[in-house]
file query.cif (mmCIF, C-alpha atoms; chains and numbers go by the auth columns)
data_final
loop_
_atom_site.group_PDB
_atom_site.id
_atom_site.type_symbol
_atom_site.label_atom_id
_atom_site.label_comp_id
_atom_site.label_asym_id
_atom_site.label_seq_id
_atom_site.Cartn_x
_atom_site.Cartn_y
_atom_site.Cartn_z
_atom_site.B_iso_or_equiv
_atom_site.auth_seq_id
_atom_site.auth_asym_id
ATOM 1 C CA MET A 1 144.267 49.061 -31.151 0.00 1 A
ATOM 2 C CA ARG A 2 141.187 46.852 -31.021 0.00 2 A
ATOM 3 C CA LEU A 3 141.486 43.062 -31.243 0.00 3 A
ATOM 4 C CA ILE A 4 138.431 41.050 -32.313 0.00 4 A
ATOM 5 C CA LYS A 5 138.349 37.273 -31.965 0.00 5 A
ATOM 6 C CA TYR A 6 136.864 35.277 -34.844 0.00 6 A
ATOM 7 C CA GLY A 7 136.409 31.549 -35.325 0.00 7 A
ATOM 8 C CA HIS A 8 139.300 29.256 -34.425 0.00 8 A
ATOM 9 C CA ALA A 9 142.677 30.873 -35.169 0.00 9 A
ATOM 10 C CA CYS A 10 141.509 34.171 -36.672 0.00 10 A
ATOM 11 C CA VAL A 11 141.843 37.617 -35.147 0.00 11 A
ATOM 12 C CA ARG A 12 141.130 41.049 -36.593 0.00 12 A
ATOM 13 C CA LEU A 13 143.126 44.129 -35.577 0.00 13 A
ATOM 14 C CA GLU A 14 141.667 47.605 -36.029 0.00 14 A
ATOM 15 C CA VAL A 15 142.964 51.129 -35.548 0.00 15 A
ATOM 16 C CA GLY A 16 140.537 53.702 -36.963 0.00 16 A
ATOM 17 C CA ASP A 17 139.705 52.523 -40.481 0.00 17 A
ATOM 18 C CA ARG A 18 142.815 50.345 -40.777 0.00 18 A
ATOM 19 C CA VAL A 19 142.061 46.611 -40.692 0.00 19 A
ATOM 20 C CA LEU A 20 144.509 43.694 -40.524 0.00 20 A
ATOM 21 C CA VAL A 21 143.284 40.082 -40.358 0.00 21 A
ATOM 22 C CA ILE A 22 145.357 37.054 -39.311 0.00 22 A
ATOM 23 C CA ASP A 23 144.606 33.434 -40.285 0.00 23 A
ATOM 24 C CA PRO A 24 141.045 33.462 -41.691 0.00 24 A
ATOM 25 C CA GLY A 25 140.350 29.758 -42.206 0.00 25 A
ATOM 26 C CA VAL A 26 137.404 27.475 -42.872 0.00 26 A
ATOM 27 C CA PHE A 27 136.134 27.856 -39.282 0.00 27 A
ATOM 28 C CA THR A 28 136.237 31.664 -39.550 0.00 28 A
ATOM 29 C CA GLU A 29 133.210 33.870 -40.174 0.00 29 A
ATOM 30 C CA ALA A 30 133.364 35.622 -43.567 0.00 30 A
ATOM 31 C CA GLU A 31 132.699 39.025 -41.992 0.00 31 A
ATOM 32 C CA ALA A 32 136.124 38.890 -40.368 0.00 32 A
ATOM 33 C CA LEU A 33 137.513 40.118 -43.698 0.00 33 A
ATOM 34 C CA ASP A 34 135.107 43.027 -44.207 0.00 34 A
ATOM 35 C CA GLY A 35 137.105 46.175 -44.913 0.00 35 A
ATOM 36 C CA ALA A 36 140.469 44.434 -44.625 0.00 36 A
ATOM 37 C CA THR A 37 143.280 45.607 -46.907 0.00 37 A
ATOM 38 C CA ASP A 38 145.882 43.136 -45.635 0.00 38 A
ATOM 39 C CA VAL A 39 145.814 39.554 -44.390 0.00 39 A
ATOM 40 C CA LEU A 40 148.559 37.603 -42.636 0.00 40 A
ATOM 41 C CA VAL A 41 148.544 33.806 -43.023 0.00 41 A
ATOM 42 C CA THR A 42 150.826 31.633 -40.889 0.00 42 A
ATOM 43 C CA HIS A 43 150.701 28.451 -42.998 0.00 43 A
ATOM 44 C CA GLU A 44 148.863 26.453 -45.620 0.00 44 A
ATOM 45 C CA HIS A 45 146.361 24.394 -43.593 0.00 45 A
ATOM 46 C CA PRO A 46 142.703 25.168 -44.325 0.00 46 A
ATOM 47 C CA ASP A 47 141.824 26.012 -40.723 0.00 47 A
ATOM 48 C CA HIS A 48 144.174 28.998 -41.213 0.00 48 A
ATOM 49 C CA LEU A 49 143.822 29.636 -44.944 0.00 49 A
ATOM 50 C CA ASP A 50 140.437 29.586 -46.693 0.00 50 A
ATOM 51 C CA ALA A 51 140.976 30.288 -50.407 0.00 51 A
ATOM 52 C CA ASP A 52 137.276 30.894 -51.095 0.00 52 A
ATOM 53 C CA LYS A 53 136.940 33.511 -48.357 0.00 53 A
ATOM 54 C CA LEU A 54 140.087 35.291 -49.523 0.00 54 A
ATOM 55 C CA ALA A 55 138.973 35.266 -53.169 0.00 55 A
ATOM 56 C CA ALA A 56 135.608 36.751 -52.179 0.00 56 A
ATOM 57 C CA ALA A 57 137.329 39.386 -50.052 0.00 57 A
ATOM 58 C CA ARG A 58 139.545 40.354 -52.982 0.00 58 A
ATOM 59 C CA LEU A 59 136.494 40.887 -55.169 0.00 59 A
ATOM 60 C CA ARG A 60 135.231 43.358 -52.558 0.00 60 A
ATOM 61 C CA GLU A 61 138.673 44.933 -52.077 0.00 61 A
ATOM 62 C CA PRO A 62 140.828 44.621 -55.243 0.00 62 A
ATOM 63 C CA ALA A 63 143.857 46.064 -53.425 0.00 63 A
ATOM 64 C CA LEU A 64 143.820 43.239 -50.853 0.00 64 A
ATOM 65 C CA ARG A 65 147.247 41.770 -50.071 0.00 65 A
ATOM 66 C CA VAL A 66 147.764 38.341 -48.520 0.00 66 A
ATOM 67 C CA HIS A 67 151.114 37.810 -46.793 0.00 67 A
ATOM 68 C CA LEU A 68 152.071 34.157 -46.352 0.00 68 A
ATOM 69 C CA PRO A 69 154.926 31.619 -46.633 0.00 69 A
ATOM 70 C CA GLN A 70 155.915 30.630 -50.176 0.00 70 A
ATOM 71 C CA ALA A 71 154.625 27.067 -49.709 0.00 71 A
ATOM 72 C CA ALA A 72 151.213 28.390 -48.674 0.00 72 A
ATOM 73 C CA ALA A 73 151.080 30.657 -51.735 0.00 73 A
ATOM 74 C CA ALA A 74 151.136 27.532 -53.904 0.00 74 A
ATOM 75 C CA GLU A 75 147.783 26.523 -52.360 0.00 75 A
ATOM 76 C CA VAL A 76 145.978 29.658 -53.580 0.00 76 A
ATOM 77 C CA PRO A 77 147.264 30.473 -57.087 0.00 77 A
ATOM 78 C CA GLU A 78 143.905 32.049 -57.926 0.00 78 A
ATOM 79 C CA LEU A 79 144.854 35.052 -55.777 0.00 79 A
ATOM 80 C CA GLY A 80 147.623 35.948 -58.231 0.00 80 A
ATOM 81 C CA ASP A 81 149.411 39.212 -57.519 0.00 81 A
ATOM 82 C CA ALA A 82 147.546 39.636 -54.226 0.00 82 A
ATOM 83 C CA LEU A 83 150.006 37.117 -52.743 0.00 83 A
ATOM 84 C CA VAL A 84 153.078 38.445 -50.924 0.00 84 A
ATOM 85 C CA PRO A 85 155.519 35.674 -49.862 0.00 85 A
ATOM 86 C CA VAL A 86 157.222 36.208 -46.501 0.00 86 A
ATOM 87 C CA GLU A 87 159.946 34.466 -44.513 0.00 87 A
ATOM 88 C CA PRO A 88 161.306 34.627 -40.964 0.00 88 A
ATOM 89 C CA GLY A 89 163.398 37.708 -40.261 0.00 89 A
ATOM 90 C CA GLN A 90 161.376 39.996 -42.516 0.00 90 A
ATOM 91 C CA ARG A 91 159.842 43.257 -41.336 0.00 91 A
ATOM 92 C CA PHE A 92 157.191 45.084 -43.345 0.00 92 A
ATOM 93 C CA THR A 93 154.077 47.228 -43.035 0.00 93 A
ATOM 94 C CA ALA A 94 150.564 45.833 -43.561 0.00 94 A
ATOM 95 C CA ALA A 95 147.454 48.018 -43.272 0.00 95 A
ATOM 96 C CA GLY A 96 149.714 50.561 -41.590 0.00 96 A
ATOM 97 C CA PHE A 97 150.794 48.088 -38.885 0.00 97 A
ATOM 98 C CA GLY A 98 154.445 47.197 -38.401 0.00 98 A
ATOM 99 C CA VAL A 99 154.900 43.414 -38.753 0.00 99 A
ATOM 100 C CA GLU A 100 157.839 41.159 -37.835 0.00 100 A
ATOM 101 C CA VAL A 101 157.953 37.574 -39.195 0.00 101 A
ATOM 102 C CA VAL A 102 159.343 34.898 -36.856 0.00 102 A
ATOM 103 C CA GLY A 103 159.426 31.129 -36.441 0.00 103 A
ATOM 104 C CA GLY A 104 159.566 28.910 -39.489 0.00 104 A
ATOM 105 C CA ARG A 105 158.229 25.409 -38.847 0.00 105 A
ATOM 106 C CA HIS A 106 154.893 23.845 -37.922 0.00 106 A
ATOM 107 C CA ALA A 107 154.827 22.012 -34.586 0.00 107 A
ATOM 108 C CA GLU A 108 155.200 18.240 -34.941 0.00 108 A
ATOM 109 C CA ILE A 109 152.108 16.081 -34.542 0.00 109 A
ATOM 110 C CA TYR A 110 153.699 12.636 -35.007 0.00 110 A
ATOM 111 C CA ASP A 111 156.562 11.024 -36.951 0.00 111 A
ATOM 112 C CA GLY A 112 157.762 14.412 -38.212 0.00 112 A
ATOM 113 C CA LEU A 113 154.354 15.304 -39.634 0.00 113 A
ATOM 114 C CA PRO A 114 153.108 17.656 -40.950 0.00 114 A
ATOM 115 C CA GLY A 115 156.609 19.008 -41.633 0.00 115 A
ATOM 116 C CA CYS A 116 155.455 22.207 -43.315 0.00 116 A
ATOM 117 C CA ALA A 117 156.431 25.847 -43.015 0.00 117 A
ATOM 118 C CA ASN A 118 154.735 27.980 -40.361 0.00 118 A
ATOM 119 C CA VAL A 119 155.566 31.568 -39.514 0.00 119 A
ATOM 120 C CA GLY A 120 154.480 33.687 -36.582 0.00 120 A
ATOM 121 C CA TYR A 121 153.659 37.383 -36.732 0.00 121 A
ATOM 122 C CA LEU A 122 154.484 40.051 -34.170 0.00 122 A
ATOM 123 C CA VAL A 123 152.325 43.093 -34.943 0.00 123 A
ATOM 124 C CA GLU A 124 153.297 46.559 -33.725 0.00 124 A
ATOM 125 C CA GLY A 125 155.665 44.973 -31.219 0.00 125 A
ATOM 126 C CA ASP A 126 152.519 44.072 -29.288 0.00 126 A
ATOM 127 C CA VAL A 127 150.363 41.215 -30.616 0.00 127 A
ATOM 128 C CA TYR A 128 152.029 37.847 -31.308 0.00 128 A
ATOM 129 C CA HIS A 129 150.213 35.181 -33.349 0.00 129 A
ATOM 130 C CA PRO A 130 152.326 31.990 -33.513 0.00 130 A
ATOM 131 C CA GLY A 131 150.138 29.995 -35.900 0.00 131 A
ATOM 132 C CA ASP A 132 150.620 26.261 -35.330 0.00 132 A
ATOM 133 C CA SER A 133 153.816 26.526 -33.322 0.00 133 A
ATOM 134 C CA LEU A 134 155.178 27.328 -29.904 0.00 134 A
ATOM 135 C CA PHE A 135 158.063 29.442 -31.203 0.00 135 A
ATOM 136 C CA VAL A 136 159.285 31.968 -28.633 0.00 136 A
ATOM 137 C CA PRO A 137 160.368 35.214 -30.339 0.00 137 A
ATOM 138 C CA SER A 138 163.394 37.170 -29.169 0.00 138 A
ATOM 139 C CA SER A 139 161.427 40.443 -29.226 0.00 139 A
ATOM 140 C CA PRO A 140 159.256 41.284 -26.208 0.00 140 A
ATOM 141 C CA VAL A 141 155.541 40.491 -26.539 0.00 141 A
ATOM 142 C CA THR A 142 152.733 42.377 -24.819 0.00 142 A
ATOM 143 C CA THR A 143 149.733 40.398 -26.107 0.00 143 A
ATOM 144 C CA LEU A 144 150.099 36.662 -26.769 0.00 144 A
ATOM 145 C CA LEU A 145 147.555 34.652 -28.748 0.00 145 A
ATOM 146 C CA VAL A 146 147.997 31.218 -27.200 0.00 146 A
ATOM 147 C CA PRO A 147 146.814 28.025 -28.951 0.00 147 A
ATOM 148 C CA ALA A 148 144.305 26.231 -26.734 0.00 148 A
ATOM 149 C CA ALA A 149 143.657 22.904 -28.506 0.00 149 A
ATOM 150 C CA ALA A 150 145.444 21.046 -31.302 0.00 150 A
ATOM 151 C CA PRO A 151 146.703 17.541 -32.168 0.00 151 A
ATOM 152 C CA TRP A 152 150.247 18.891 -31.701 0.00 152 A
ATOM 153 C CA LEU A 153 149.591 20.441 -28.273 0.00 153 A
ATOM 154 C CA LYS A 154 149.102 19.470 -24.652 0.00 154 A
ATOM 155 C CA LEU A 155 148.136 21.773 -21.799 0.00 155 A
ATOM 156 C CA ALA A 156 151.565 21.699 -20.117 0.00 156 A
ATOM 157 C CA GLU A 157 153.178 22.878 -23.375 0.00 157 A
ATOM 158 C CA ALA A 158 150.741 25.780 -23.687 0.00 158 A
ATOM 159 C CA LEU A 159 151.522 26.836 -20.116 0.00 159 A
ATOM 160 C CA ASP A 160 155.269 26.554 -20.708 0.00 160 A
ATOM 161 C CA PHE A 161 154.872 28.613 -23.883 0.00 161 A
ATOM 162 C CA VAL A 162 153.109 31.446 -22.066 0.00 162 A
ATOM 163 C CA ARG A 163 155.703 31.433 -19.301 0.00 163 A
ATOM 164 C CA ALA A 164 158.558 31.497 -21.834 0.00 164 A
ATOM 165 C CA VAL A 165 157.074 34.396 -23.839 0.00 165 A
ATOM 166 C CA ARG A 166 156.212 36.343 -20.647 0.00 166 A
ATOM 167 C CA PRO A 167 153.472 38.558 -22.146 0.00 167 A
ATOM 168 C CA ALA A 168 151.504 41.129 -20.190 0.00 168 A
ATOM 169 C CA ARG A 169 148.305 39.350 -21.253 0.00 169 A
ATOM 170 C CA ALA A 170 147.149 36.307 -23.226 0.00 170 A
ATOM 171 C CA PHE A 171 144.036 35.422 -25.220 0.00 171 A
ATOM 172 C CA PRO A 172 143.104 31.987 -26.654 0.00 172 A
ATOM 173 C CA ILE A 173 143.165 30.995 -30.313 0.00 173 A
ATOM 174 C CA HIS A 174 143.025 27.629 -32.116 0.00 174 A
ATOM 175 C CA ASP A 175 140.024 26.612 -30.037 0.00 175 A
ATOM 176 C CA ALA A 176 137.308 25.446 -32.471 0.00 176 A
ATOM 177 C CA THR A 177 137.493 21.872 -31.174 0.00 177 A
ATOM 178 C CA LEU A 178 136.769 22.877 -27.567 0.00 178 A
ATOM 179 C CA ASN A 179 133.289 22.909 -26.067 0.00 179 A
ATOM 180 C CA ASP A 180 132.420 25.282 -23.216 0.00 180 A
ATOM 181 C CA LEU A 181 133.742 22.860 -20.617 0.00 181 A
ATOM 182 C CA GLY A 182 137.065 22.583 -22.441 0.00 182 A
ATOM 183 C CA ARG A 183 137.385 26.376 -22.716 0.00 183 A
ATOM 184 C CA ASP A 184 136.675 26.760 -19.007 0.00 184 A
ATOM 185 C CA TYR A 185 139.198 24.052 -18.153 0.00 185 A
ATOM 186 C CA PHE A 186 141.904 25.704 -20.274 0.00 186 A
ATOM 187 C CA ALA A 187 141.127 29.128 -18.783 0.00 187 A
ATOM 188 C CA GLN A 188 141.321 27.821 -15.219 0.00 188 A
ATOM 189 C CA TRP A 189 144.796 26.429 -15.814 0.00 189 A
ATOM 190 C CA MET A 190 145.973 29.577 -17.576 0.00 190 A
ATOM 191 C CA GLU A 191 144.761 31.707 -14.682 0.00 191 A
ATOM 192 C CA PHE A 192 146.309 29.298 -12.154 0.00 192 A
ATOM 193 C CA LYS A 193 149.713 28.645 -13.740 0.00 193 A
ATOM 194 C CA GLY A 194 150.120 30.900 -16.795 0.00 194 A
ATOM 195 C CA GLU A 195 151.744 33.740 -14.837 0.00 195 A
ATOM 196 C CA THR A 196 150.001 36.396 -16.932 0.00 196 A
ATOM 197 C CA ALA A 197 146.631 38.122 -17.219 0.00 197 A
ATOM 198 C CA TYR A 198 144.417 35.733 -19.189 0.00 198 A
ATOM 199 C CA LEU A 199 141.065 36.553 -20.793 0.00 199 A
ATOM 200 C CA ASP A 200 138.940 34.045 -22.706 0.00 200 A
ATOM 201 C CA ILE A 201 137.533 36.098 -25.586 0.00 201 A
ATOM 202 C CA ALA A 202 134.620 34.385 -27.318 0.00 202 A
ATOM 203 C CA THR A 203 134.010 34.610 -31.062 0.00 203 A
ATOM 204 C CA GLY A 204 132.881 38.109 -31.987 0.00 204 A
ATOM 205 C CA GLU A 205 134.096 39.647 -28.732 0.00 205 A
ATOM 206 C CA SER A 206 136.868 42.231 -28.625 0.00 206 A
ATOM 207 C CA ALA A 207 139.505 43.731 -26.361 0.00 207 A
ATOM 208 C CA ALA A 208 141.100 47.167 -26.403 0.00 208 A
ATOM 209 C CA LEU A 209 144.897 47.000 -26.436 0.00 209 A
ATOM 210 C CA GLY A 210 147.280 49.753 -25.388 0.00 210 A
#

call {"tool": "encode", "arguments": {"input": "query.cif", "output": "structure tokens"}}
result
Amino acid sequence: MRLIKYGHACVRLEVGDRVLVIDPGVFTEAEALDGATDVLVTHEHPDHLDADKLAAARLREPALRVHLPQAAAAEVPELGDALVPVEPGQRFTAAGFGVEVVGGRHAEIYDGLPGCANVGYLVEGDVYHPGDSLFVPSSPVTTLLVPAAAPWLKLAEALDFVRAVRPARAFPIHDATLNDLGRDYFAQWMEFKGETAYLDIATGESAALG
């Protein structure tokens, strides 16, 4: 499996000609969706769900399916029967990849906000994308996509999250608000205290998994 990092919270998973994309939002390059037959969306916020990009991708690939929480589906009615609502506990196949849905709620920013649904996806029992949450799944995780910067996150929480999940390796996501200094600072702490192999993949770079 090949993992390609795209802008902010988006990653693309490839095996041969099979393509699965997770969380293509407004900070994501449109080419992330090229050739994709299935998309996983963790929640409704535009940095994870860009309706225009998904609509354009469906024009290129009419069989495109977008898996997302029911509340997020209400934000993109124009996608019609391409939408596939999901909920925690579900298992299904997308682009030939086995997917487990976990979590359920967005991390709190302040005073209970934003208070919306958020699911995480464990793909092939290997890659875990938590969206905007620090939910620790019960299933083992090999590759963790760890949020690096968010209004609901501090560094100590990200480190605790990685230690709790105990992956073999971790890569950053949710990092559009970081400059190079911030990325380096986050990476130094992950390497120092994350207790896993950490690699800072830049946008457009990839890693071979398995």

call {"tool": "closest_residue", "arguments": {"input": "query.cif", "among": "A:Val136, A:Glu191, A:Ala148, A:Asp111", "to": "A:Ala164", "atoms": "only C-alpha atoms"}}
result
A:Val136

call {"tool": "resolve_selection", "arguments": {"input": "query.cif", "expression": "the PyMOL selection byres ((chain A and resi 76) around 10)", "output": "PyMOL selection string"}}
result
chain A and resi 44+49-52+54-55+71-75+77-80+83

call {"tool": "atom_distance", "arguments": {"input": "query.cif", "atom1": "atom CA of A:Leu122", "atom2": "atom CA of A:Leu209"}}
result
14.1 Å

call {"tool": "atom_distance", "arguments": {"input": "query.cif", "atom1": "atom CA of A:Tyr6", "atom2": "atom CA of A:His174"}}
result
10.2 Å

call {"tool": "resolve_selection", "arguments": {"input": "query.cif", "expression": "the PyMOL selection byres ((chain A and resi 32) around 9)", "output": "PDB file with C-alpha atoms, keeping the file's coordinate frame"}}
result
ATOM      1  CA  ILE A   4     138.431  41.050 -32.313  1.00  0.00           C
ATOM      2  CA  LYS A   5     138.349  37.273 -31.965  1.00  0.00           C
ATOM      3  CA  TYR A   6     136.864  35.277 -34.844  1.00  0.00           C
ATOM      4  CA  GLY A   7     136.409  31.549 -35.325  1.00  0.00           C
ATOM      5  CA  CYS A  10     141.509  34.171 -36.672  1.00  0.00           C
ATOM      6  CA  VAL A  11     141.843  37.617 -35.147  1.00  0.00           C
ATOM      7  CA  ARG A  12     141.130  41.049 -36.593  1.00  0.00           C
ATOM      8  CA  VAL A  21     143.284  40.082 -40.358  1.00  0.00           C
ATOM      9  CA  PRO A  24     141.045  33.462 -41.691  1.00  0.00           C
ATOM     10  CA  THR A  28     136.237  31.664 -39.550  1.00  0.00           C
ATOM     11  CA  GLU A  29     133.210  33.870 -40.174  1.00  0.00           C
ATOM     12  CA  ALA A  30     133.364  35.622 -43.567  1.00  0.00           C
ATOM     13  CA  GLU A  31     132.699  39.025 -41.992  1.00  0.00           C
ATOM     14  CA  LEU A  33     137.513  40.118 -43.698  1.00  0.00           C
ATOM     15  CA  ASP A  34     135.107  43.027 -44.207  1.00  0.00           C
ATOM     16  CA  GLY A  35     137.105  46.175 -44.913  1.00  0.00           C
ATOM     17  CA  ALA A  36     140.469  44.434 -44.625  1.00  0.00           C
TER      18      ALA A  36
END

call {"tool": "atom_distance", "arguments": {"input": "query.cif", "atom1": "atom CA of A:Asp175", "atom2": "atom CA of A:Leu20"}}
result
20.5 Å

call {"tool": "closest_residue", "arguments": {"input": "query.cif", "among": "A:Pro130, A:Pro46, A:Pro62, A:Pro167", "to": "A:Ala82", "atoms": "all atoms listed in the file"}}
result
A:Pro62

call {"tool": "closest_residue", "arguments": {"input": "query.cif", "among": "A:Val141, A:Leu134, A:Ile173, A:Leu199", "to": "A:Ala107", "atoms": "all atoms listed in the file"}}
result
A:Leu134

call {"tool": "closest_residue", "arguments": {"input": "query.cif", "among": "A:Arg58, A:Phe186, A:Arg65, A:His129", "to": "A:Lys154", "atoms": "all atoms listed in the file"}}
result
A:Phe186

call {"tool": "resolve_selection", "arguments": {"input": "query.cif", "expression": "the PyMOL selection byres ((chain A and resi 177) around 9)", "output": "ChimeraX atom specification"}}
result
/A:8,149-150,174-176,178-179,182

call {"tool": "axis_aligned_box", "arguments": {"input": "query.cif", "around": "stretch 174-177 of chain A", "padding_each_side": "6 Å", "output": "AutoDock Vina command-line options"}}
result
--center_x 140.2 --center_y 24.8 --center_z -31.3 --size_x 17.7 --size_y 17.8 --size_z 14.4

call {"tool": "closest_residue", "arguments": {"input": "query.cif", "among": "A:Asp126, A:Glu205, A:Asp200, A:Asp180", "to": "A:Pro147", "atoms": "all atoms listed in the file"}}
result
A:Asp200

call {"tool": "closest_residue", "arguments": {"input": "query.cif", "among": "A:Gly89, A:Val123, A:Trp152, A:Val162", "to": "A:Leu3", "atoms": "only C-alpha atoms"}}
result
A:Val123

call {"tool": "residues_around", "arguments": {"input": "query.cif", "residues": "A:Pro137", "least_positions_apart": "4", "cutoff": "8 Å", "atoms": "only C-alpha atoms", "output": "list of chain:residue names"}}
result
A:Val102, A:Gly103, A:Val165

call {"tool": "residues_around", "arguments": {"input": "query.cif", "residues": "A:Glu100", "least_positions_apart": "5", "cutoff": "12 Å", "atoms": "all atoms listed in the file", "output": "count of residues only"}}
result
28

call {"tool": "build_atoms", "arguments": {"input": "query.cif", "residues": "stretch 26-38 of chain A", "atoms": "N, CA and C atoms", "output": "tab-separated table (two decimals), keeping the file's coordinate frame"}}
result
chain	number	residue	atom	x	y	z
A	26	VAL	N	138.73	28.01	-42.58
A	26	VAL	CA	137.40	27.48	-42.87
A	26	VAL	C	136.46	27.55	-41.68
A	27	PHE	N	136.99	27.72	-40.46
A	27	PHE	CA	136.13	27.86	-39.28
A	27	PHE	C	135.91	29.33	-38.91
A	28	THR	N	136.32	30.23	-39.81
A	28	THR	CA	136.24	31.66	-39.55
A	28	THR	C	135.03	32.27	-40.25
A	29	GLU	N	134.35	33.18	-39.60
A	29	GLU	CA	133.21	33.87	-40.17
A	29	GLU	C	133.69	34.80	-41.30
A	30	ALA	N	132.96	34.83	-42.40
A	30	ALA	CA	133.36	35.62	-43.57
A	30	ALA	C	133.49	37.10	-43.25
A	31	GLU	N	132.66	37.60	-42.31
A	31	GLU	CA	132.70	39.02	-41.99
A	31	GLU	C	134.01	39.48	-41.35
A	32	ALA	N	134.82	38.53	-40.93
A	32	ALA	CA	136.12	38.89	-40.37
A	32	ALA	C	136.96	39.69	-41.36
A	33	LEU	N	136.72	39.47	-42.65
A	33	LEU	CA	137.51	40.12	-43.70
A	33	LEU	C	136.90	41.41	-44.22
A	34	ASP	N	135.75	41.80	-43.72
A	34	ASP	CA	135.11	43.03	-44.21
A	34	ASP	C	136.00	44.24	-43.97
A	35	GLY	N	136.30	44.97	-45.04
A	35	GLY	CA	137.10	46.18	-44.91
A	35	GLY	C	138.59	45.96	-44.77
A	36	ALA	N	139.04	44.71	-44.79
A	36	ALA	CA	140.47	44.43	-44.62
A	36	ALA	C	141.23	44.75	-45.91
A	37	THR	N	142.39	45.37	-45.76
A	37	THR	CA	143.28	45.61	-46.91
A	37	THR	C	144.47	44.66	-46.90
A	38	ASP	N	144.75	44.05	-45.75
A	38	ASP	CA	145.88	43.14	-45.64
A	38	ASP	C	145.51	41.95	-44.75
